[in-house]
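Dropping target16.cif in here (mmCIF, C-alpha atoms):
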```cif
data_protein
loop_
_atom_site.label_atom_id
_atom_site.label_comp_id
_atom_site.auth_asym_id
_atom_site.auth_seq_id
_atom_site.Cartn_x
_atom_site.Cartn_y
_atom_site.Cartn_z
CA MET A 1 16.55 90.73 147.49
CA SER A 2 17.05 90.29 143.78
CA VAL A 3 20.22 88.38 144.60
CA TRP A 4 18.10 85.84 146.43
CA SER A 5 15.62 85.51 143.61
CA THR A 6 18.36 85.11 141.02
CA LEU A 7 20.06 82.51 143.18
CA ASN A 8 16.81 80.69 143.79
CA ARG A 9 15.75 80.68 140.18
CA THR A 10 19.07 79.75 138.61
CA VAL A 11 20.58 77.38 141.16
CA PHE A 12 18.25 76.11 143.83
CA LYS A 13 15.08 75.43 141.97
CA ARG A 14 16.43 72.62 139.83
CA THR A 15 17.95 69.58 141.53
CA SER A 16 20.56 69.19 138.81
CA THR A 17 21.93 72.69 139.23
CA PHE A 18 21.69 72.37 143.01
CA ALA A 19 23.77 69.19 142.99
CA LEU A 20 26.23 70.78 140.58
CA ALA A 21 26.57 73.79 142.84
CA VAL A 22 27.16 71.51 145.83
CA ALA A 23 29.85 69.57 143.98
CA GLY A 24 31.57 72.71 142.74
CA GLY A 25 31.25 74.35 146.11
CA THR A 26 32.84 71.35 147.78
CA PHE A 27 35.90 71.72 145.59
CA PHE A 28 36.53 75.30 146.62
CA PHE A 29 35.43 74.69 150.21
CA GLU A 30 37.96 71.86 150.52
CA ARG A 31 40.82 74.00 149.29
CA THR A 32 39.96 76.91 151.57
CA PHE A 33 39.17 74.76 154.58
CA GLU A 34 42.41 72.81 154.35
CA LEU A 35 44.50 75.90 153.77
CA VAL A 36 42.95 77.63 156.75
CA SER A 37 43.21 74.64 159.08
CA GLN A 38 46.79 74.02 157.99
CA SER A 39 47.75 77.59 158.69
CA ILE A 40 46.06 77.46 162.09
CA PHE A 41 47.95 74.28 162.94
CA GLU A 42 51.26 75.76 161.86
CA ASN A 43 50.54 78.91 163.77
CA LEU A 44 49.84 76.99 166.97
CA ASN A 45 52.94 74.82 166.59
CA LYS A 46 55.31 77.52 165.49
CA GLY A 47 58.90 76.61 166.32
CA LYS A 48 58.20 72.90 166.75
CA LEU A 49 57.80 71.92 163.15
CA TRP A 50 60.49 70.39 161.00
CA LYS A 51 60.54 73.31 158.63
CA ASP A 52 61.31 75.59 161.58
CA ILE A 53 64.22 73.53 162.94
CA LYS A 54 65.45 72.24 159.62
CA HIS A 55 68.28 74.74 159.37
CA LYS A 56 69.89 73.33 162.51
CA TYR A 57 70.36 69.88 161.03
CA GLU A 58 70.75 70.48 157.32
CA ASN A 59 73.25 72.64 155.59
CA MET B 60 -44.19 87.06 170.37
CA ASN B 61 -40.63 87.59 169.54
CA SER B 62 -39.75 88.44 173.08
CA VAL B 63 -41.36 85.23 174.25
CA VAL B 64 -39.28 83.21 171.87
CA ARG B 65 -36.05 85.03 172.60
CA ALA B 66 -36.33 84.79 176.37
CA GLY B 67 -35.94 81.08 176.20
CA HIS B 68 -35.79 80.19 179.83
CA LEU B 69 -38.60 82.57 180.75
CA ALA B 70 -41.00 81.18 178.18
CA PRO B 71 -42.83 78.77 180.47
CA TYR B 72 -43.68 81.57 182.91
CA PHE B 73 -44.93 83.87 180.18
CA LYS B 74 -46.99 81.15 178.63
CA SER B 75 -48.75 80.39 181.81
CA SER B 76 -49.83 83.99 182.32
CA THR B 77 -50.62 85.51 178.93
CA GLN B 78 -51.59 84.36 175.53
CA VAL B 79 -51.13 86.45 172.47
CA VAL B 80 -53.21 85.64 169.44
CA ALA B 81 -52.36 87.17 166.14
CA ASN B 82 -55.10 87.35 163.61
CA SER B 83 -55.31 89.32 160.42
CA LEU B 84 -59.10 89.72 160.63
CA LYS B 85 -59.31 90.93 164.14
CA PRO B 86 -57.15 93.42 165.95
CA LEU B 87 -54.67 92.02 168.43
CA VAL B 88 -56.48 91.40 171.64
CA VAL B 89 -54.77 90.47 174.85
CA VAL B 90 -56.99 87.98 176.54
CA PRO B 91 -56.32 87.53 180.21
CA THR B 92 -56.29 83.95 181.18
CA PRO B 93 -58.97 83.08 183.70
CA SER B 94 -57.49 82.32 187.05
CA GLU B 95 -59.24 78.98 187.33
CA LYS B 96 -57.59 77.98 184.12
CA THR B 97 -54.10 78.63 185.38
CA VAL B 98 -51.99 75.82 184.15
CA VAL B 99 -49.75 74.41 186.77
CA LEU B 100 -47.01 72.42 185.27
CA PRO B 101 -47.02 68.90 186.59
CA LEU B 102 -43.96 67.85 188.41
CA PRO B 103 -41.81 65.83 186.10
CA LYS B 104 -40.80 62.38 187.11
CA THR B 105 -37.44 62.69 188.72
CA SER B 106 -35.85 59.36 188.14
CA THR B 107 -32.42 60.50 187.05
CA VAL B 108 -30.13 63.40 187.76
CA GLU B 109 -30.95 64.94 184.41
CA THR B 110 -34.69 64.89 184.89
CA LEU B 111 -34.22 66.32 188.40
CA HIS B 112 -32.14 69.08 186.90
CA GLY B 113 -34.78 69.71 184.31
CA SER B 114 -37.41 70.23 187.04
CA LEU B 115 -35.45 72.99 188.69
CA PRO B 116 -36.70 76.53 188.04
CA ILE B 117 -33.17 77.60 187.20
CA GLN B 118 -32.54 75.81 184.01
CA GLY B 119 -29.59 75.72 181.73
CA LEU B 120 -29.40 77.48 178.45
CA LYS B 121 -31.54 75.98 175.79
CA VAL B 122 -30.50 76.25 172.23
CA LYS B 123 -33.33 77.01 169.91
CA ALA B 124 -33.19 76.27 166.24
CA GLY B 125 -35.16 78.14 163.65
CA THR B 126 -34.99 80.51 160.75
CA ARG B 127 -35.31 83.73 162.71
CA VAL B 128 -33.54 82.53 165.80
CA PRO B 129 -29.83 82.64 166.40
CA ALA B 130 -28.55 79.12 165.99
CA GLN B 131 -26.05 79.32 168.82
CA VAL B 132 -25.52 81.13 172.00
CA ARG B 133 -22.21 82.66 172.72
CA PHE B 134 -20.99 84.13 175.92
CA ALA B 135 -18.23 86.10 174.27
CA HIS B 136 -18.44 88.09 171.11
CA THR B 137 -15.97 90.84 170.55
CA ASP B 138 -14.05 90.88 173.79
CA ILE B 139 -11.76 87.96 172.89
CA SER B 140 -8.25 89.17 172.13
CA TYR B 141 -6.72 86.98 169.51
CA PRO B 142 -2.93 86.40 169.83
CA ASP B 143 -0.75 88.32 167.46
CA PHE B 144 1.39 85.97 165.44
CA SER B 145 3.07 88.63 163.36
CA ALA B 146 6.24 88.21 165.39
CA TYR B 147 6.41 84.64 164.09
CA ARG B 148 5.56 85.51 160.53
CA ARG B 149 8.14 86.06 157.87
CA LYS B 150 8.59 89.58 156.75
CA GLU B 151 7.36 88.65 153.30
CA THR B 152 4.06 87.28 154.57
CA GLN B 153 3.16 89.98 157.09
CA ASP B 154 0.75 91.36 154.59
CA PRO B 155 -2.05 88.76 154.26
CA THR B 156 -2.88 89.97 150.78
CA SER B 157 0.59 89.25 149.41
CA LYS B 158 0.73 86.51 146.79
CA ALA B 159 2.76 83.39 147.54
CA ASN B 160 4.11 83.35 144.03
CA GLU B 161 5.68 86.75 144.43
CA THR B 162 7.38 86.08 147.75
CA ILE B 163 8.56 82.54 147.00
CA ASP B 164 12.16 83.51 146.22
CA GLU B 165 12.61 85.41 149.44
CA ARG B 166 11.03 82.66 151.47
CA GLN B 167 12.83 79.71 149.89
CA SER B 168 16.30 80.85 149.01
CA PHE B 169 17.72 81.11 152.52
CA THR B 170 16.48 77.63 153.40
CA TYR B 171 17.99 76.29 150.23
CA LEU B 172 21.21 78.11 150.98
CA ILE B 173 21.46 76.45 154.38
CA ALA B 174 20.67 73.07 152.81
CA GLY B 175 23.31 73.66 150.15
CA ALA B 176 25.95 74.67 152.68
CA GLY B 177 25.16 71.58 154.72
CA SER B 178 25.48 69.43 151.63
CA VAL B 179 28.85 70.96 150.82
CA ALA B 180 30.12 70.25 154.33
CA GLY B 181 28.70 66.75 154.20
CA ALA B 182 30.26 66.04 150.83
CA TYR B 183 33.62 67.26 152.10
CA ALA B 184 33.34 65.11 155.23
CA ALA B 185 32.37 62.05 153.20
CA LYS B 186 35.22 62.62 150.78
CA SER B 187 37.69 62.97 153.67
CA VAL B 188 36.51 59.76 155.32
CA VAL B 189 36.67 57.81 152.08
CA THR B 190 40.11 59.19 151.25
CA HIS B 191 41.31 58.33 154.72
CA PHE B 192 40.26 54.70 154.46
CA VAL B 193 41.37 54.25 150.88
CA SER B 194 44.79 55.73 151.55
CA SER B 195 45.21 53.37 154.48
CA MET B 196 45.39 50.58 151.91
CA SER B 197 48.48 52.04 150.27
CA ALA B 198 51.98 51.27 151.42
CA ALA B 199 53.27 52.96 154.55
CA ALA B 200 55.99 55.58 154.37
CA ASP B 201 58.65 53.31 155.91
CA VAL B 202 57.86 50.62 153.37
CA LEU B 203 58.03 53.16 150.56
CA ALA B 204 61.37 54.40 151.89
CA LEU B 205 62.79 50.87 151.69
CA ALA B 206 61.33 50.39 148.25
CA LYS B 207 64.00 52.52 146.62
CA ILE B 208 67.73 52.14 146.67
CA GLU B 209 70.33 54.55 145.50
CA ILE B 210 73.49 53.19 143.92
CA LYS B 211 76.64 55.14 143.30
CA LEU B 212 77.72 53.95 139.91
CA ALA B 213 81.30 55.08 140.35
CA GLU B 214 81.84 52.25 142.81
CA ILE B 215 81.17 49.60 140.17
CA PRO B 216 84.16 48.97 137.94
CA GLU B 217 83.77 48.28 134.27
CA GLY B 218 83.07 44.67 133.38
CA LYS B 219 81.80 43.77 136.82
CA SER B 220 78.36 42.76 138.01
CA VAL B 221 77.45 43.78 141.53
CA THR B 222 74.57 42.37 143.50
CA PHE B 223 72.35 44.49 145.74
CA LYS B 224 69.31 43.64 147.74
CA TRP B 225 66.18 45.40 146.57
CA ARG B 226 62.71 44.61 147.91
CA GLY B 227 63.95 41.27 149.20
CA LYS B 228 65.36 40.24 145.84
CA PRO B 229 68.87 40.27 144.45
CA LEU B 230 69.52 43.09 142.03
CA PHE B 231 72.27 42.79 139.45
CA ILE B 232 73.94 45.94 138.22
CA ARG B 233 76.43 45.35 135.50
CA HIS B 234 78.88 47.87 134.20
CA ARG B 235 79.26 46.63 130.67
CA THR B 236 82.32 47.02 128.57
CA ALA B 237 82.19 48.48 125.09
CA ASP B 238 82.85 45.01 123.75
CA GLU B 239 79.83 43.55 125.54
CA ILE B 240 77.64 46.41 124.40
CA SER B 241 78.49 45.94 120.75
CA THR B 242 78.03 42.18 121.03
CA GLU B 243 74.61 42.45 122.60
CA LYS B 244 73.44 45.11 120.20
CA ALA B 245 74.40 42.88 117.27
CA VAL B 246 72.28 39.92 118.40
CA PRO B 247 69.39 39.41 115.93
CA VAL B 248 66.13 39.73 117.83
CA ASP B 249 64.23 37.08 115.86
CA THR B 250 66.59 34.34 116.99
CA LEU B 251 65.84 34.96 120.66
CA ARG B 252 63.38 32.95 122.73
CA ASP B 253 62.04 36.09 124.37
CA PRO B 254 62.56 38.57 121.55
CA GLN B 255 63.64 41.84 123.08
CA HIS B 256 66.43 43.98 121.72
CA ASP B 257 69.17 45.18 124.02
CA ASP B 258 67.77 48.71 123.80
CA GLN B 259 64.61 47.48 125.47
CA HIS B 260 66.59 46.20 128.45
CA THR B 261 68.76 49.18 129.10
CA GLN B 262 68.26 52.89 129.40
CA ASN B 263 71.98 53.57 129.33
CA PRO B 264 73.85 50.90 127.32
CA LYS B 265 76.75 51.01 129.76
CA TRP B 266 74.58 49.83 132.63
CA LEU B 267 72.46 46.74 132.82
CA VAL B 268 69.98 46.67 135.71
CA VAL B 269 68.14 43.36 136.17
CA ILE B 270 66.53 41.43 139.00
CA GLY B 271 68.67 38.43 139.80
CA VAL B 272 65.93 35.86 139.84
CA CYS B 273 65.93 33.17 137.20
CA THR B 274 62.68 33.21 135.26
CA HIS B 275 62.60 29.43 135.30
CA LEU B 276 62.12 28.51 138.97
CA GLY B 277 63.47 31.48 140.84
CA CYS B 278 67.06 30.56 141.60
CA VAL B 279 69.70 33.29 141.73
CA PRO B 280 71.94 33.14 138.67
CA VAL B 281 75.69 33.48 138.87
CA ALA B 282 77.30 36.43 137.16
CA ASN B 283 79.96 36.28 134.45
CA VAL B 284 79.50 32.57 133.91
CA GLY B 285 77.81 30.60 131.17
CA GLU B 286 78.16 30.20 127.45
CA PHE B 287 77.09 33.75 126.67
CA GLY B 288 79.19 35.62 129.20
CA GLY B 289 76.29 37.01 131.12
CA TYR B 290 74.57 35.04 133.83
CA TYR B 291 74.17 31.34 134.45
CA CYS B 292 71.60 29.68 136.66
CA PRO B 293 73.15 26.74 138.45
CA CYS B 294 69.86 25.08 139.31
CA HIS B 295 68.75 23.95 135.85
CA GLY B 296 71.34 25.46 133.56
CA SER B 297 69.78 28.53 132.03
CA HIS B 298 72.22 30.76 130.18
CA TYR B 299 71.62 34.48 130.02
CA ASP B 300 73.68 36.91 128.01
CA ALA B 301 75.12 40.23 129.16
CA SER B 302 71.85 41.88 128.25
CA GLY B 303 69.87 39.69 130.63
CA GLY B 304 68.30 37.83 127.71
CA ILE B 305 67.63 34.10 127.90
CA ARG B 306 69.72 32.20 125.35
CA LYS B 307 69.83 28.59 126.46
CA GLY B 308 68.25 26.33 129.05
CA PRO B 309 64.75 25.93 130.48
CA ALA B 310 64.01 29.54 131.46
CA PRO B 311 61.24 31.03 129.27
CA LEU B 312 61.84 34.75 129.72
CA ASN B 313 64.57 37.32 129.96
CA LEU B 314 65.68 38.58 133.34
CA GLU B 315 63.26 41.19 134.65
CA VAL B 316 64.28 44.82 134.43
CA PRO B 317 63.06 46.85 137.41
CA PRO B 318 62.00 50.48 137.02
CA HIS B 319 65.09 52.61 137.44
CA THR B 320 66.29 56.11 136.71
CA PHE B 321 69.74 57.54 136.22
CA MET B 322 70.13 60.68 138.29
CA ASP B 323 72.97 63.08 137.65
CA GLU B 324 76.41 62.65 139.25
CA GLY B 325 76.51 58.92 138.61
CA LEU B 326 73.60 58.05 140.84
CA LEU B 327 71.17 55.29 139.98
CA VAL B 328 67.83 55.01 141.72
CA VAL B 329 66.03 51.69 141.48
CA GLY B 330 62.38 51.57 142.41
#
```

Can you turn what I pasted into structure tokens?
Amino acid sequence: MSVWSTLNRTVFKRTSTFALAVAGGTFFFERTFELVSQSIFENLNKGKLWKDIKHKYEN
Amino acid sequence: MNSVVRAGHLAPYFKSSTQVVANSLKPLVVVPTPSEKTVVLPLPKTSTVETLHGSLPIQGLKVKAGTRVPAQVRFAHTDISYPDFSAYRRKETQDPTSKANETIDERQSFTYLIAGAGSVAGAYAAKSVVTHFVSSMSAAADVLALAKIEIKLAEIPEGKSVTFKWRGKPLFIRHRTADEISTEKAVPVDTLRDPQHDDQHTQNPKWLVVIGVCTHLGCVPVANVGEFGGYYCPCHGSHYDASGGIRKGPAPLNLEVPPHTFMDEGLLVVG
């Protein structure tokens, strides 16, 4: 529970730190989210993507 | 006396039969009321439903006010089971004696965490939408693919100017001879109308890359003609030298040099 109180006192209580945390969190969230969704897409379309069939057409 | 007062609805019947007189001088004496003096209550006028109800021997509860009398009458006292809301209470506030100040972090932080996570997702969504619409304003990939041309320099012999089409405009690429290079480098800059040295036109002195549009009114100059051996515009007689610089005629500026890079193996990329 001390984690909550630390979090509440240092980040959430002040609007400035809250907004800063949101902005910083968005940066990391974007990177992770796009990496994950990209890997899911490539996993679902394995064998159909250009990088998978590239070797057939390029030397 | 007290019993008379307490038994509210029985009071009229008691009053009619007995009378209790309290006196400090004399002992309490119960005086039986003489029978001839029996007070018979007169029938009340029954003009409305309420007055009729009031005449009935079974009367409703009467609330008596006073210092020694209970101010209200309740049917239920201790048999009411109040609902237990502890299942709906937070764990931090189960104890009613706990101070709000001490439990505020536990109560608030999770709500704030959810709000923060929602804000992060919202900011990401907003950024994605804005990026999507802003990037739709930029050139499409097929347009960008046409925006560059690759030129194999080995195909252009020395001393020749070859014309290509680049972004809808003629592009002159001139393989200059050593003689032309030394001539153009020797031209004093301060005598030129548009003072730019040859080094500012060319990345590699052997190759001149200019857009073949006359800076006067947009005609296409002719290569290897004119008084200065470079380009000549037949429309109004502007003479350009082999560096693309304007030397004579109405044109105000030198020929425009597009952005270009020399790749290895004699490959030139314009655009």

Considering only C-alpha atoms, give me a table of residues in chain B that are at most 9 Å from chain A, with the closest atom pair and distance in Å for each, as CSV.
```
residue,atom,partner,partner_atom,distance
B:Ile163,CA,A:Ser5,CA,8.4
B:Asp164,CA,A:Ser5,CA,4.8
B:Glu165,CA,A:Trp4,CA,6.3
B:Gln167,CA,A:Asn8,CA,7.3
B:Ser168,CA,A:Asn8,CA,5.2
B:Phe169,CA,A:Trp4,CA,7.7
B:Tyr171,CA,A:Phe12,CA,6.4
B:Leu172,CA,A:Phe12,CA,8.0
B:Gly175,CA,A:Val22,CA,6.2
B:Ala176,CA,A:Val22,CA,7.6
B:Ser178,CA,A:Val22,CA,6.4
B:Val179,CA,A:Thr26,CA,5.0
B:Ala180,CA,A:Thr26,CA,7.2
B:Gly181,CA,A:Thr26,CA,8.9
B:Ala182,CA,A:Thr26,CA,6.6
B:Tyr183,CA,A:Thr26,CA,6.0
```

Inset, instruction - May I have the residues within 12 Å of region 219-224 of chain B as a count of residues only, using only C-alpha atoms and disregarding those fewer than 6 positions away in the same chain? - result: 39

Inset, instruction - Between CA of Leu276 (chain B) and CA of Ala310 (chain B), measure the distance and give it in Å to one decimal. - result: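 Interatomic distance, CA of Leu276 (chain B) to CA of Ala310 (chain B): 7.8 Å.
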
Inset, instruction - For CA of Thr320 (chain B) and CA of Asp258 (chain B), quote the distance in Å rounded to one decimal. - result: 15.0 Å

Using the chain letters and numbers from this file, what does the PyMOL selection byres ((chain B and resi 295-298) around 9) select? Give the answer as a PDB file with C-alpha atoms, in the frame of the given file.
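Below is the file part-v3.pdb, written as the result:
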```pdb
ATOM      1  CA  CYS B 273      65.930  33.170 137.200  1.00  0.00           C
ATOM      2  CA  HIS B 275      62.600  29.430 135.300  1.00  0.00           C
ATOM      3  CA  LEU B 276      62.120  28.510 138.970  1.00  0.00           C
ATOM      4  CA  CYS B 278      67.060  30.560 141.600  1.00  0.00           C
ATOM      5  CA  PRO B 280      71.940  33.140 138.670  1.00  0.00           C
ATOM      6  CA  VAL B 284      79.500  32.570 133.910  1.00  0.00           C
ATOM      7  CA  GLY B 285      77.810  30.600 131.170  1.00  0.00           C
ATOM      8  CA  GLU B 286      78.160  30.200 127.450  1.00  0.00           C
ATOM      9  CA  PHE B 287      77.090  33.750 126.670  1.00  0.00           C
ATOM     10  CA  GLY B 288      79.190  35.620 129.200  1.00  0.00           C
ATOM     11  CA  GLY B 289      76.290  37.010 131.120  1.00  0.00           C
ATOM     12  CA  TYR B 290      74.570  35.040 133.830  1.00  0.00           C
ATOM     13  CA  TYR B 291      74.170  31.340 134.450  1.00  0.00           C
ATOM     14  CA  CYS B 292      71.600  29.680 136.660  1.00  0.00           C
ATOM     15  CA  PRO B 293      73.150  26.740 138.450  1.00  0.00           C
ATOM     16  CA  CYS B 294      69.860  25.080 139.310  1.00  0.00           C
ATOM     17  CA  TYR B 299      71.620  34.480 130.020  1.00  0.00           C
ATOM     18  CA  ASP B 300      73.680  36.910 128.010  1.00  0.00           C
ATOM     19  CA  GLY B 304      68.300  37.830 127.710  1.00  0.00           C
ATOM     20  CA  ILE B 305      67.630  34.100 127.900  1.00  0.00           C
ATOM     21  CA  ARG B 306      69.720  32.200 125.350  1.00  0.00           C
ATOM     22  CA  LYS B 307      69.830  28.590 126.460  1.00  0.00           C
ATOM     23  CA  GLY B 308      68.250  26.330 129.050  1.00  0.00           C
ATOM     24  CA  PRO B 309      64.750  25.930 130.480  1.00  0.00           C
ATOM     25  CA  ALA B 310      64.010  29.540 131.460  1.00  0.00           C
TER      26      ALA B 310
END
```

Legend entry - Between CA of Gln153 (chain B) and CA of Ile173 (chain B), distance in Å (one decimal):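 Interatomic distance here is 22.9 Å.
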